[in-house]
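Peer 1: Input structure: start-v4.cif, which contains mmCIF, C-alpha atoms and all ligand atoms.
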```cif
data_final
#
loop_
_atom_site.label_atom_id
_atom_site.label_comp_id
_atom_site.auth_asym_id
_atom_site.auth_seq_id
_atom_site.Cartn_x
_atom_site.Cartn_y
_atom_site.Cartn_z
CA MET W 886 0.00 0.00 0.00
CA ARG W 887 2.71 2.38 1.09
CA LYS W 888 4.64 1.58 -2.08
CA PHE W 889 1.53 2.28 -4.13
CA ILE W 890 1.06 5.63 -2.42
CA THR W 891 4.73 6.54 -2.84
CA THR W 892 4.65 5.62 -6.52
CA SER W 893 1.41 7.52 -7.05
CA VAL W 894 2.79 10.59 -5.34
CA PHE W 895 5.95 10.29 -7.40
CA LEU W 896 3.90 10.02 -10.62
CA LEU W 897 1.73 12.92 -9.58
CA VAL W 898 4.73 15.09 -8.81
CA THR W 899 6.48 14.23 -12.05
CA THR W 900 3.27 14.76 -14.02
CA ILE W 901 2.71 18.14 -12.45
CA GLY W 902 6.39 18.89 -12.89
CA PHE W 903 6.14 17.94 -16.53
CA CYS W 904 2.93 19.93 -17.07
CA GLN W 905 4.46 22.92 -15.40
CA ASN W 906 7.30 22.86 -17.83
CA LYS W 907 5.99 22.20 -21.26
CA THR W 908 8.66 23.50 -23.57
CA THR W 909 8.17 24.23 -27.26
CA ILE W 910 10.47 25.56 -29.92
CA ILE W 911 8.85 27.22 -32.91
CA LYS W 912 11.04 27.56 -35.98
CA ALA W 913 9.85 30.58 -37.95
CA GLY W 914 10.94 31.00 -41.57
CA LYS W 915 9.82 34.61 -41.41
CA LEU W 916 8.78 36.42 -38.25
CA ILE W 917 6.90 39.71 -38.22
CA ASP W 918 8.31 41.98 -35.54
CA VAL W 919 5.42 44.40 -35.16
CA GLU W 920 7.29 46.56 -32.67
CA THR W 921 9.96 47.56 -35.19
CA GLY W 922 7.83 46.99 -38.28
CA THR W 923 10.31 44.54 -39.78
CA VAL W 924 10.28 40.99 -41.09
CA LEU W 925 13.02 38.83 -39.54
CA LEU W 926 14.33 35.68 -41.21
CA ASN W 927 14.92 32.25 -39.64
CA GLN W 928 14.00 32.91 -36.05
CA MET W 929 13.40 30.54 -33.17
CA ILE W 930 10.87 31.09 -30.43
CA LEU W 931 11.20 29.32 -27.11
CA VAL W 932 7.82 28.88 -25.40
CA ARG W 933 7.48 27.52 -21.89
CA ASN W 934 3.96 26.78 -20.70
CA ASP W 935 1.91 29.82 -21.67
CA SER W 936 4.77 32.30 -22.16
CA ILE W 937 7.43 33.31 -24.64
CA ILE W 938 10.86 32.90 -23.05
CA GLN W 939 13.21 33.82 -25.86
CA VAL W 940 13.22 34.89 -29.50
CA ALA W 941 16.51 34.61 -31.38
CA ASN W 942 18.29 33.48 -34.51
CA LYS W 943 19.59 30.47 -32.75
CA ILE W 944 18.52 28.88 -29.49
CA ASN W 945 20.03 25.73 -28.02
CA ILE W 946 17.08 23.38 -28.18
CA PRO W 947 16.29 21.93 -24.74
CA LYS W 948 16.02 18.15 -25.07
CA GLU W 949 12.51 18.00 -23.64
CA ALA W 950 11.25 20.53 -26.20
CA THR W 951 8.58 19.81 -28.77
CA ILE W 952 9.55 21.32 -32.11
CA ILE W 953 7.01 23.05 -34.30
CA ASP W 954 8.47 23.60 -37.72
CA LEU W 955 7.07 26.71 -39.37
CA SER W 956 10.23 27.36 -41.35
CA LYS W 957 8.26 27.60 -44.59
CA SER W 958 5.70 30.00 -43.11
CA THR W 959 5.42 33.53 -41.85
CA VAL W 960 4.88 33.72 -38.12
CA LEU W 961 3.23 36.70 -36.44
CA PRO W 962 1.54 37.61 -33.17
CA GLY W 963 -1.99 36.36 -32.63
CA LEU W 964 -4.42 38.84 -34.18
CA ILE W 965 -6.66 41.04 -32.06
CA ASP W 966 -10.08 42.30 -33.10
CA CYS W 967 -11.11 45.34 -31.03
CA HIS W 968 -14.74 45.31 -32.08
CA THR W 969 -16.66 42.07 -32.21
CA HIS W 970 -20.08 40.87 -31.17
CA ILE W 971 -18.85 37.34 -30.85
CA THR W 972 -21.96 35.88 -29.21
CA SER W 973 -24.22 36.08 -32.27
CA GLN W 974 -24.67 36.86 -35.95
CA PRO W 975 -27.75 37.33 -38.14
CA GLY W 976 -29.82 34.17 -38.26
CA GLY W 977 -31.41 34.91 -41.64
CA ASP W 978 -34.53 36.83 -40.64
CA TYR W 979 -34.37 40.36 -39.16
CA TYR W 980 -37.68 40.20 -37.28
CA ALA W 981 -37.23 36.65 -36.02
CA ASP W 982 -33.84 37.63 -34.60
CA ILE W 983 -35.46 40.51 -32.71
CA PHE W 984 -38.72 38.93 -31.60
CA ARG W 985 -38.25 35.19 -31.41
CA LYS W 986 -34.91 34.91 -29.68
CA THR W 987 -33.89 35.22 -26.08
CA PRO W 988 -30.39 35.47 -24.62
CA VAL W 989 -30.71 31.73 -23.98
CA ASP W 990 -30.76 31.06 -27.73
CA VAL W 991 -27.74 33.28 -28.08
CA ALA W 992 -25.91 31.50 -25.28
CA ILE W 993 -26.49 28.08 -26.84
CA THR W 994 -24.64 28.96 -30.04
CA ALA W 995 -22.08 31.55 -28.89
CA HIS W 996 -19.33 28.96 -28.45
CA ILE W 997 -19.47 28.11 -32.17
CA TYR W 998 -18.48 31.66 -33.09
CA ALA W 999 -15.81 31.81 -30.41
CA LYS W 1000 -14.10 28.73 -31.88
CA ARG W 1001 -14.32 30.05 -35.43
CA THR W 1002 -12.80 33.35 -34.35
CA LEU W 1003 -9.86 31.70 -32.63
CA GLU W 1004 -9.27 29.33 -35.53
CA ALA W 1005 -9.21 32.33 -37.86
CA GLY W 1006 -6.12 33.52 -35.95
CA PHE W 1007 -7.73 35.96 -33.52
CA THR W 1008 -6.32 35.10 -30.13
CA SER W 1009 -7.93 38.11 -28.40
CA VAL W 1010 -11.06 40.15 -28.97
CA ARG W 1011 -12.65 43.17 -27.37
CA ASP W 1012 -16.33 42.31 -27.51
CA LEU W 1013 -18.45 45.45 -27.63
CA GLY W 1014 -21.94 44.48 -26.58
CA SER W 1015 -24.02 41.35 -26.28
CA ALA W 1016 -27.41 40.16 -25.15
CA GLY W 1017 -27.98 39.48 -21.48
CA LEU W 1018 -24.43 38.99 -20.16
CA VAL W 1019 -23.79 36.10 -22.55
CA ASP W 1020 -20.42 37.70 -23.27
CA ILE W 1021 -19.38 37.42 -19.63
CA ALA W 1022 -20.50 33.79 -19.42
CA LEU W 1023 -18.59 33.02 -22.62
CA ARG W 1024 -15.45 34.85 -21.49
CA ASN W 1025 -15.47 32.99 -18.19
CA ALA W 1026 -16.04 29.62 -19.85
CA ILE W 1027 -13.13 30.28 -22.20
CA ASN W 1028 -10.90 31.33 -19.30
CA ASN W 1029 -11.89 28.16 -17.43
CA GLY W 1030 -10.92 26.05 -20.43
CA ASP W 1031 -14.48 24.76 -20.89
CA VAL W 1032 -14.99 26.40 -24.27
CA VAL W 1033 -12.52 27.07 -27.09
CA GLY W 1034 -12.20 30.72 -28.02
CA PRO W 1035 -10.06 33.84 -27.93
CA ASN W 1036 -9.18 35.81 -24.81
CA MET W 1037 -12.17 38.09 -24.43
CA TYR W 1038 -12.48 41.61 -23.05
CA ALA W 1039 -16.20 42.21 -22.81
CA ALA W 1040 -18.49 45.23 -22.55
CA THR W 1041 -21.79 43.61 -21.47
CA MET W 1042 -24.67 46.03 -22.18
CA PHE W 1043 -24.31 48.76 -24.79
CA ILE W 1044 -25.24 51.95 -22.95
CA GLY W 1045 -27.58 54.15 -24.97
CA SER W 1046 -30.31 56.74 -24.57
CA THR W 1047 -34.01 56.15 -25.19
CA GLY W 1048 -34.51 55.91 -28.93
CA SER W 1049 -30.81 55.31 -29.51
CA HIS W 1050 -28.91 52.68 -31.48
CA GLY W 1051 -29.00 50.63 -28.28
CA ASP W 1052 -32.77 50.84 -27.93
CA LEU W 1053 -35.38 48.98 -29.98
CA ASN W 1054 -36.90 51.45 -32.40
CA GLY W 1055 -39.46 51.55 -35.16
CA PHE W 1056 -42.16 49.50 -33.45
CA SER W 1057 -45.48 50.40 -31.88
CA PRO W 1058 -45.19 51.86 -28.39
CA TYR W 1059 -48.13 49.63 -27.48
CA LEU W 1060 -45.72 46.71 -27.64
CA GLU W 1061 -43.96 46.68 -24.34
CA PHE W 1062 -40.67 44.90 -23.72
CA ASN W 1063 -39.56 44.58 -20.16
CA ALA W 1064 -35.92 43.73 -19.79
CA PRO W 1065 -34.90 43.19 -16.16
CA LYS W 1066 -33.54 46.36 -14.57
CA GLY W 1067 -30.23 47.40 -16.10
CA MET W 1068 -30.25 44.65 -18.69
CA SER W 1069 -31.36 46.75 -21.64
CA GLY W 1070 -28.52 49.27 -21.27
CA VAL W 1071 -30.96 52.12 -21.94
CA ALA W 1072 -30.14 54.98 -19.56
CA ASN W 1073 -30.86 58.71 -19.60
CA GLY W 1074 -29.34 61.53 -17.60
CA VAL W 1075 -26.08 61.83 -15.71
CA ASP W 1076 -27.13 59.80 -12.67
CA ALA W 1077 -28.67 57.00 -14.69
CA VAL W 1078 -25.72 56.60 -17.03
CA ARG W 1079 -23.37 56.47 -14.05
CA ALA W 1080 -25.61 53.83 -12.48
CA GLN W 1081 -25.55 51.82 -15.72
CA VAL W 1082 -21.74 51.92 -15.84
CA ARG W 1083 -21.70 50.60 -12.26
CA PHE W 1084 -24.20 47.90 -13.14
CA ASN W 1085 -22.10 46.78 -16.11
CA VAL W 1086 -18.88 46.78 -14.08
CA LYS W 1087 -20.55 44.91 -11.23
CA ASN W 1088 -21.62 42.24 -13.69
CA GLY W 1089 -18.22 41.75 -15.23
CA ALA W 1090 -17.58 44.43 -17.87
CA ASP W 1091 -13.92 44.87 -18.80
CA VAL W 1092 -14.71 47.90 -20.97
CA ILE W 1093 -17.61 50.35 -21.28
CA LYS W 1094 -19.35 50.80 -24.61
CA PHE W 1095 -21.88 53.54 -25.27
CA GLY W 1096 -23.69 55.10 -28.18
CA ALA W 1097 -22.50 58.63 -28.89
CA SER W 1098 -24.37 58.82 -32.18
CA ALA W 1099 -27.08 56.97 -34.06
CA GLY W 1100 -26.39 53.79 -35.96
CA VAL W 1101 -26.90 52.09 -39.29
CA LEU W 1102 -28.40 48.75 -38.32
CA SER W 1103 -31.15 50.24 -36.19
CA GLU W 1104 -34.29 52.08 -37.15
CA GLU W 1105 -33.78 55.55 -35.73
CA GLU W 1106 -33.61 58.34 -38.29
CA SER W 1107 -30.25 59.94 -39.00
CA VAL W 1108 -26.97 58.03 -38.82
CA GLY W 1109 -24.95 60.94 -37.57
CA GLY W 1110 -27.03 62.60 -34.87
CA PRO W 1111 -25.62 62.67 -31.32
CA GLN W 1112 -27.62 60.58 -28.85
CA TYR W 1113 -26.13 61.74 -25.57
CA SER W 1114 -25.41 65.22 -24.27
CA GLN W 1115 -21.85 66.26 -23.50
CA GLU W 1116 -22.64 65.96 -19.78
CA GLU W 1117 -23.85 62.39 -20.19
CA MET W 1118 -20.81 61.36 -22.23
CA ASP W 1119 -18.49 63.01 -19.69
CA ALA W 1120 -20.28 61.14 -16.92
CA ILE W 1121 -20.00 57.76 -18.65
CA VAL W 1122 -16.30 58.15 -19.37
CA SER W 1123 -15.35 59.51 -15.95
CA GLU W 1124 -17.42 56.86 -14.16
CA ALA W 1125 -15.76 54.14 -16.25
CA LYS W 1126 -12.37 55.61 -15.43
CA MET W 1127 -13.14 55.60 -11.72
CA TRP W 1128 -13.69 51.84 -11.96
CA GLY W 1129 -10.52 51.37 -13.98
CA ARG W 1130 -12.29 50.83 -17.27
CA LYS W 1131 -11.74 52.44 -20.67
CA ALA W 1132 -14.69 53.64 -22.72
CA ALA W 1133 -15.43 52.99 -26.39
CA ALA W 1134 -17.92 55.18 -28.22
CA HIS W 1135 -20.07 53.99 -31.07
CA ALA W 1136 -19.99 57.14 -33.21
CA HIS W 1137 -20.67 57.73 -36.90
CA GLY W 1138 -21.53 61.44 -36.80
CA ALA W 1139 -18.96 64.26 -36.88
CA GLU W 1140 -20.38 66.13 -33.90
CA ALA W 1141 -20.85 63.04 -31.75
CA ILE W 1142 -17.28 61.94 -32.49
CA LYS W 1143 -15.91 65.26 -31.22
CA MET W 1144 -18.10 65.13 -28.11
CA ALA W 1145 -16.95 61.59 -27.30
CA VAL W 1146 -13.29 62.46 -27.88
CA LYS W 1147 -13.63 65.49 -25.60
CA ALA W 1148 -15.22 63.24 -22.97
CA GLY W 1149 -12.02 61.16 -23.12
CA VAL W 1150 -12.97 57.88 -24.77
CA ALA W 1151 -10.16 55.49 -25.63
CA SER W 1152 -11.61 54.76 -29.04
CA ILE W 1153 -14.11 55.91 -31.61
CA GLU W 1154 -15.92 53.00 -33.21
CA HIS W 1155 -16.92 53.34 -36.90
CA GLY W 1156 -15.96 57.03 -37.17
CA SER W 1157 -17.73 57.18 -40.54
CA LEU W 1158 -18.44 60.90 -40.87
CA VAL W 1159 -15.46 62.27 -38.97
CA ASP W 1160 -14.46 65.76 -40.16
CA ALA W 1161 -11.09 67.55 -40.26
CA GLU W 1162 -11.59 69.01 -36.80
CA GLY W 1163 -12.49 65.60 -35.38
CA ILE W 1164 -9.39 64.09 -36.94
CA GLN W 1165 -7.19 66.80 -35.37
CA LEU W 1166 -8.86 66.32 -32.01
CA MET W 1167 -8.36 62.56 -32.12
CA LYS W 1168 -4.73 63.06 -33.01
CA ALA W 1169 -4.17 65.55 -30.23
CA LYS W 1170 -5.87 63.34 -27.63
CA GLY W 1171 -4.35 60.07 -28.88
CA THR W 1172 -7.81 58.57 -29.43
CA TYR W 1173 -7.85 55.35 -31.44
CA LEU W 1174 -10.04 54.98 -34.52
CA VAL W 1175 -11.58 51.53 -34.87
CA SER W 1176 -13.27 51.55 -38.24
CA ASP W 1177 -15.14 48.56 -39.65
CA VAL W 1178 -14.26 49.22 -43.27
CA TYR W 1179 -15.22 45.80 -44.63
CA ASP W 1180 -18.85 45.75 -43.38
CA ASP W 1181 -20.35 47.82 -46.19
CA GLU W 1182 -19.43 45.06 -48.61
CA TYR W 1183 -21.36 42.39 -46.75
CA ILE W 1184 -24.34 44.53 -45.74
CA LEU W 1185 -25.03 45.75 -49.26
CA SER W 1186 -24.74 42.30 -50.78
CA GLU W 1187 -26.61 40.29 -48.11
CA TYR W 1188 -28.83 42.35 -45.83
CA SER W 1189 -31.82 42.76 -48.18
CA LYS W 1190 -31.93 38.95 -48.37
CA LEU W 1191 -31.96 38.80 -44.57
CA GLY W 1192 -35.14 40.89 -44.47
CA TYR W 1193 -33.60 44.13 -43.24
CA PRO W 1194 -35.86 47.15 -43.94
CA ASP W 1195 -34.95 49.54 -46.77
CA LYS W 1196 -34.48 52.29 -44.23
CA ILE W 1197 -31.43 50.48 -42.87
CA ILE W 1198 -30.03 49.57 -46.27
CA ASN W 1199 -30.37 53.20 -47.32
CA LYS W 1200 -28.46 54.36 -44.26
CA GLU W 1201 -25.66 51.97 -45.19
CA LYS W 1202 -25.58 53.38 -48.72
CA MET W 1203 -25.22 56.81 -47.19
CA VAL W 1204 -22.24 56.04 -44.91
CA GLY W 1205 -20.32 53.14 -46.48
CA LYS W 1206 -18.28 55.07 -49.02
CA LEU W 1207 -17.73 58.10 -46.79
CA GLN W 1208 -16.51 55.88 -43.97
CA ARG W 1209 -13.74 54.47 -46.12
CA GLU W 1210 -12.71 57.87 -47.50
CA ASN W 1211 -12.65 59.35 -44.00
CA PHE W 1212 -10.72 56.36 -42.70
CA GLN W 1213 -8.07 57.13 -45.28
CA LYS W 1214 -7.97 60.79 -44.24
CA ALA W 1215 -7.53 59.80 -40.60
CA VAL W 1216 -4.74 57.37 -41.50
CA GLU W 1217 -2.98 60.02 -43.56
CA ALA W 1218 -3.29 62.53 -40.72
CA GLY W 1219 -1.63 60.07 -38.35
CA VAL W 1220 -4.60 59.13 -36.13
CA LYS W 1221 -3.87 55.94 -34.17
CA ILE W 1222 -5.62 52.98 -35.77
CA ALA W 1223 -6.68 49.74 -34.12
CA PHE W 1224 -8.24 46.84 -35.99
CA GLY W 1225 -11.92 46.22 -35.29
CA THR W 1226 -14.48 44.65 -37.56
CA ASP W 1227 -17.91 44.58 -35.91
CA ALA W 1228 -17.86 40.83 -36.72
CA GLY W 1229 -21.29 39.54 -35.94
CA VAL W 1230 -22.59 41.99 -38.54
CA TYR W 1231 -21.05 39.41 -40.87
CA PRO W 1232 -20.05 35.81 -40.17
CA HIS W 1233 -17.55 35.20 -37.38
CA GLY W 1234 -14.26 33.85 -38.61
CA TRP W 1235 -14.22 36.25 -41.55
CA ASN W 1236 -12.58 38.96 -39.43
CA ALA W 1237 -9.39 39.04 -41.51
CA ARG W 1238 -11.23 40.06 -44.66
CA GLN W 1239 -10.99 43.60 -43.39
CA PHE W 1240 -7.20 43.78 -43.89
CA LYS W 1241 -7.59 44.13 -47.64
CA TRP W 1242 -9.88 47.14 -47.20
CA MET W 1243 -7.60 48.80 -44.67
CA THR W 1244 -4.69 48.56 -47.10
CA ARG W 1245 -6.84 49.79 -49.97
CA PHE W 1246 -7.70 52.86 -47.92
CA GLY W 1247 -4.38 54.16 -46.74
CA LEU W 1248 -2.59 51.71 -44.48
CA SER W 1249 0.51 49.78 -45.48
CA PRO W 1250 0.29 46.00 -44.94
CA MET W 1251 2.63 46.39 -41.93
CA GLY W 1252 0.44 49.21 -40.62
CA ALA W 1253 -2.66 47.04 -40.89
CA ILE W 1254 -0.92 44.18 -39.08
CA GLN W 1255 0.27 46.56 -36.36
CA ALA W 1256 -3.32 47.82 -36.01
CA ALA W 1257 -4.40 44.25 -35.30
CA THR W 1258 -1.56 43.41 -32.92
CA ILE W 1259 0.48 45.97 -31.00
CA ASN W 1260 -1.97 48.88 -31.41
CA ALA W 1261 -4.98 46.73 -30.54
CA ALA W 1262 -3.19 45.46 -27.43
CA ASP W 1263 -2.37 49.05 -26.48
CA LEU W 1264 -5.99 50.14 -26.91
CA ILE W 1265 -7.36 47.25 -24.83
CA GLY W 1266 -4.66 47.76 -22.21
CA ILE W 1267 -3.02 44.34 -22.59
CA LYS W 1268 0.27 45.35 -24.21
CA GLU W 1269 2.32 43.91 -21.36
CA LYS W 1270 0.75 40.53 -22.05
CA THR W 1271 0.29 40.20 -25.78
CA GLY W 1272 0.38 41.97 -29.16
CA SER W 1273 3.94 41.06 -30.16
CA ILE W 1274 6.27 38.09 -30.09
CA LYS W 1275 8.60 39.15 -27.29
CA ALA W 1276 10.14 37.41 -24.29
CA GLY W 1277 7.87 37.74 -21.28
CA LYS W 1278 4.61 37.93 -23.21
CA LYS W 1279 1.98 35.23 -23.52
CA ALA W 1280 2.56 32.84 -26.39
CA ASP W 1281 -0.18 34.10 -28.72
CA ILE W 1282 1.31 33.15 -32.06
CA ILE W 1283 -0.08 32.39 -35.52
CA ALA W 1284 1.34 31.49 -38.91
CA VAL W 1285 0.34 31.89 -42.55
CA ALA W 1286 1.67 30.35 -45.75
CA ASN W 1287 2.76 33.55 -47.49
CA ASN W 1288 4.30 36.78 -46.38
CA PRO W 1289 1.34 39.08 -45.63
CA ILE W 1290 3.51 42.09 -46.42
CA ASP W 1291 3.39 40.91 -50.06
CA ASP W 1292 -0.15 39.53 -49.96
CA ILE W 1293 -2.31 40.72 -47.09
CA THR W 1294 -5.14 38.31 -48.00
CA THR W 1295 -3.00 35.39 -46.81
CA LEU W 1296 -4.23 36.41 -43.34
CA GLU W 1297 -7.66 35.10 -44.39
CA GLN W 1298 -6.15 31.57 -44.35
CA VAL W 1299 -4.41 31.17 -41.02
CA GLN W 1300 -2.68 27.78 -40.75
CA PHE W 1301 -1.36 27.72 -37.23
CA VAL W 1302 -2.85 29.11 -34.02
CA MET W 1303 -1.33 29.07 -30.54
CA LYS W 1304 -3.06 30.88 -27.68
CA ASN W 1305 -1.44 31.12 -24.25
CA GLY W 1306 1.02 28.43 -25.36
CA VAL W 1307 -1.65 25.91 -26.41
CA VAL W 1308 -1.88 24.89 -30.07
CA TYR W 1309 -5.46 25.09 -31.40
CA LYS W 1310 -4.73 24.66 -35.09
CA ASN W 1311 -1.79 23.29 -37.05
CA ASN W 1312 -2.48 22.55 -40.70
N1 LIG W 1401 -23.11 48.34 -35.89
C1 LIG W 1401 -22.92 49.37 -36.85
C2 LIG W 1401 -24.15 50.24 -36.93
O1 LIG W 1401 -25.22 49.71 -36.97
C3 LIG W 1401 -22.61 48.78 -38.18
C4 LIG W 1401 -22.25 49.76 -39.23
C5 LIG W 1401 -21.93 49.02 -40.47
N2 LIG W 1401 -21.68 49.85 -41.60
C6 LIG W 1401 -20.53 50.38 -41.88
N3 LIG W 1401 -20.43 51.06 -42.97
N4 LIG W 1401 -19.52 50.23 -41.16
O2 LIG W 1401 -24.06 51.41 -36.94
#
```
Just give me the structure of the file as structure tokens.
Peer 2:
Amino acid sequence: MRKFITTSVFLLVTTIGFCQNKTTIIKAGKLIDVETGTVLLNQMILVRNDSIIQVANKINIPKEATIIDLSKSTVLPGLIDCHTHITSQPGGDYYADIFRKTPVDVAITAHIYAKRTLEAGFTSVRDLGSAGLVDIALRNAINNGDVVGPNMYAATMFIGSTGSHGDLNGFSPYLEFNAPKGMSGVANGVDAVRAQVRFNVKNGADVIKFGASAGVLSEEESVGGPQYSQEEMDAIVSEAKMWGRKAAAHAHGAEAIKMAVKAGVASIEHGSLVDAEGIQLMKAKGTYLVSDVYDDEYILSEYSKLGYPDKIINKEKMVGKLQRENFQKAVEAGVKIAFGTDAGVYPHGWNARQFKWMTRFGLSPMGAIQAATINAADLIGIKEKTGSIKAGKKADIIAVANNPIDDITTLEQVQFVMKNGVVYKNN
């Protein structure tokens, strides 16, 4: 018996010892150093457990190491999408999605999209709004290792005024929808928006998302009109800050963008109608622009088929082209850019399709990759942990067949995915 116990303890200790020291060497034919904006040749990356220990031309390979040979590929940091709605995507019928689904339906399928996103090479996402705290449940399940998906930084409820992009508009006021208190995200006035920020933080929000202006995929009138007063925006951002959270503003309209930037948001989402003054203000304040420049493509080709009303399609026609032109102006002016797609507007896993559009409208391929790695990590506040392949950071590493500096669309076909040192894909 004693021998059995001793042997078991020995096995347990060696197993734990072994698990605690899983060592991997990745041989990278090309390695994108996003911090210097250069492509290095024939590098080796030493990964121990979940972290990067060393990156060099030549490393003495420890004998216990597993070798992953990516010497014919280009290796780069795991991609980061700063604007997803990873818990859902259109189900094929606009009204059914609104009226026949509950957050329970959303929760049942959310894991599918999380897996697709990770397998597409996105090892982290900032998720900017979901139904009924499904985002928090998903994030926690991923962190627990129960569900496969990217590291998530979640916003919970989109905070918006009555009649805003975050409200349900266009229907008879005789239809009453009663979300439990706080769960709709609709809040008006300085005290109420502060209370909503507290409610979101209390329930797990890593970041605060609010609607500074109207939206496209919602039935209120103009796309550009502000939907909160300056006082309300100031209150949201300062309350978020007090709780150690950054704020992201949904903002298409020029005026709303300036108001949100003045309030101190970390990022402007969409930014479609930004004007010269807004661009200067963003530059001066170091506000990131997160512009979903692929979406127009998908919405105009698919959304009529999904039963979306003409009113919405017409709004898209009004902003799509301007958004891309204004994105280019912001890039040229030197506004900080982080990659964010609004995935969930289109199918999850297609996130990387946006790179092509970012490079068509002003960014270099390296600039677009930096937007989705080091800049995105900076915006989310996780730069110490991820966003580049550097000793001390988490091993969030992907690989593609071609050099994306020559062909950015190769990022649409990610072959290898490692997140926190665990390999999730290796084709
Ligand atoms: N969620 C955004 C909205 O409804 C999507 C905008 C999509 N269109 C675009 N051109 N980016 O406002």
Peer 1: Between W:Asn1036, W:Arg933, W:Ile1121, W:Ala913, which is the closest to Glu949 in chain W once you count all atoms listed in the file?
Peer 2: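 Distance minimum relative to Glu949 in chain W lands on W:Arg933.
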Peer 1: Please check which protein, DNA or RNA residues sit within 10 Å of ligand LIG 1401 (chain W), counting only C-alpha atoms and all ligand atoms, and write them as a VMD selection string.
Peer 2: chain W and resid 968 to 970 1013 1050 to 1051 1096 1098 to 1104 1108 to 1109 1135 to 1137 1154 to 1157 1176 to 1185 1197 to 1198 1200 to 1209 1226 to 1231
Peer 1: When distances are computed from only C-alpha atoms, which of W:Val1285, W:Val1216, W:Ala981, W:Leu1296 shows the smallest separation from Leu1248 in chain W?
Peer 2: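 Between W:Val1285, W:Val1216, W:Ala981, W:Leu1296, the residue approaching Leu1248 in chain W most closely is W:Val1216.
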Peer 1: Neighbouring residues of range 1188-1196 of chain W were defined as those with any atom within 6 Å, considering only C-alpha atoms; residues of the same chain fewer than 4 positions away were excluded. Please report them as a PyMOL selection string.
Peer 2: chain W and resi 977-979+1184
Peer 1: The residues within 9 Å of (2.1, 29.6, -43.6), using all atoms listed in the file and the coordinates of the file, should be reported as a list of chain:residue names; which are they?
Peer 2: W:Leu955, W:Ser956, W:Lys957, W:Ser958, W:Thr959, W:Val960, W:Ile1283, W:Ala1284, W:Val1285, W:Ala1286, W:Asn1287, W:Asn1288, W:Thr1295, W:Gln1298, W:Val1299, W:Gln1300, W:Phe1301, W:Asn1312
Peer 1: So what do you get for CA of Met1144 in chain W versus CA of Ala1072 in chain W, distance-wise?
Peer 2: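 Taking CA of Met1144 in chain W as the start and CA of Ala1072 in chain W as the end point, the length is 17.9 Å.
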Peer 1: Quick check, in Å to one decimal: how far apart do CA of Ser1057 in chain W and CA of Gln974 in chain W lie?
Peer 2: 25.2 Å
Peer 1: May I ask for the distance between CA of Val919 in chain W and CA of Lys1268 in chain W, given in Å to one decimal place?
Peer 2: 12.1 Å
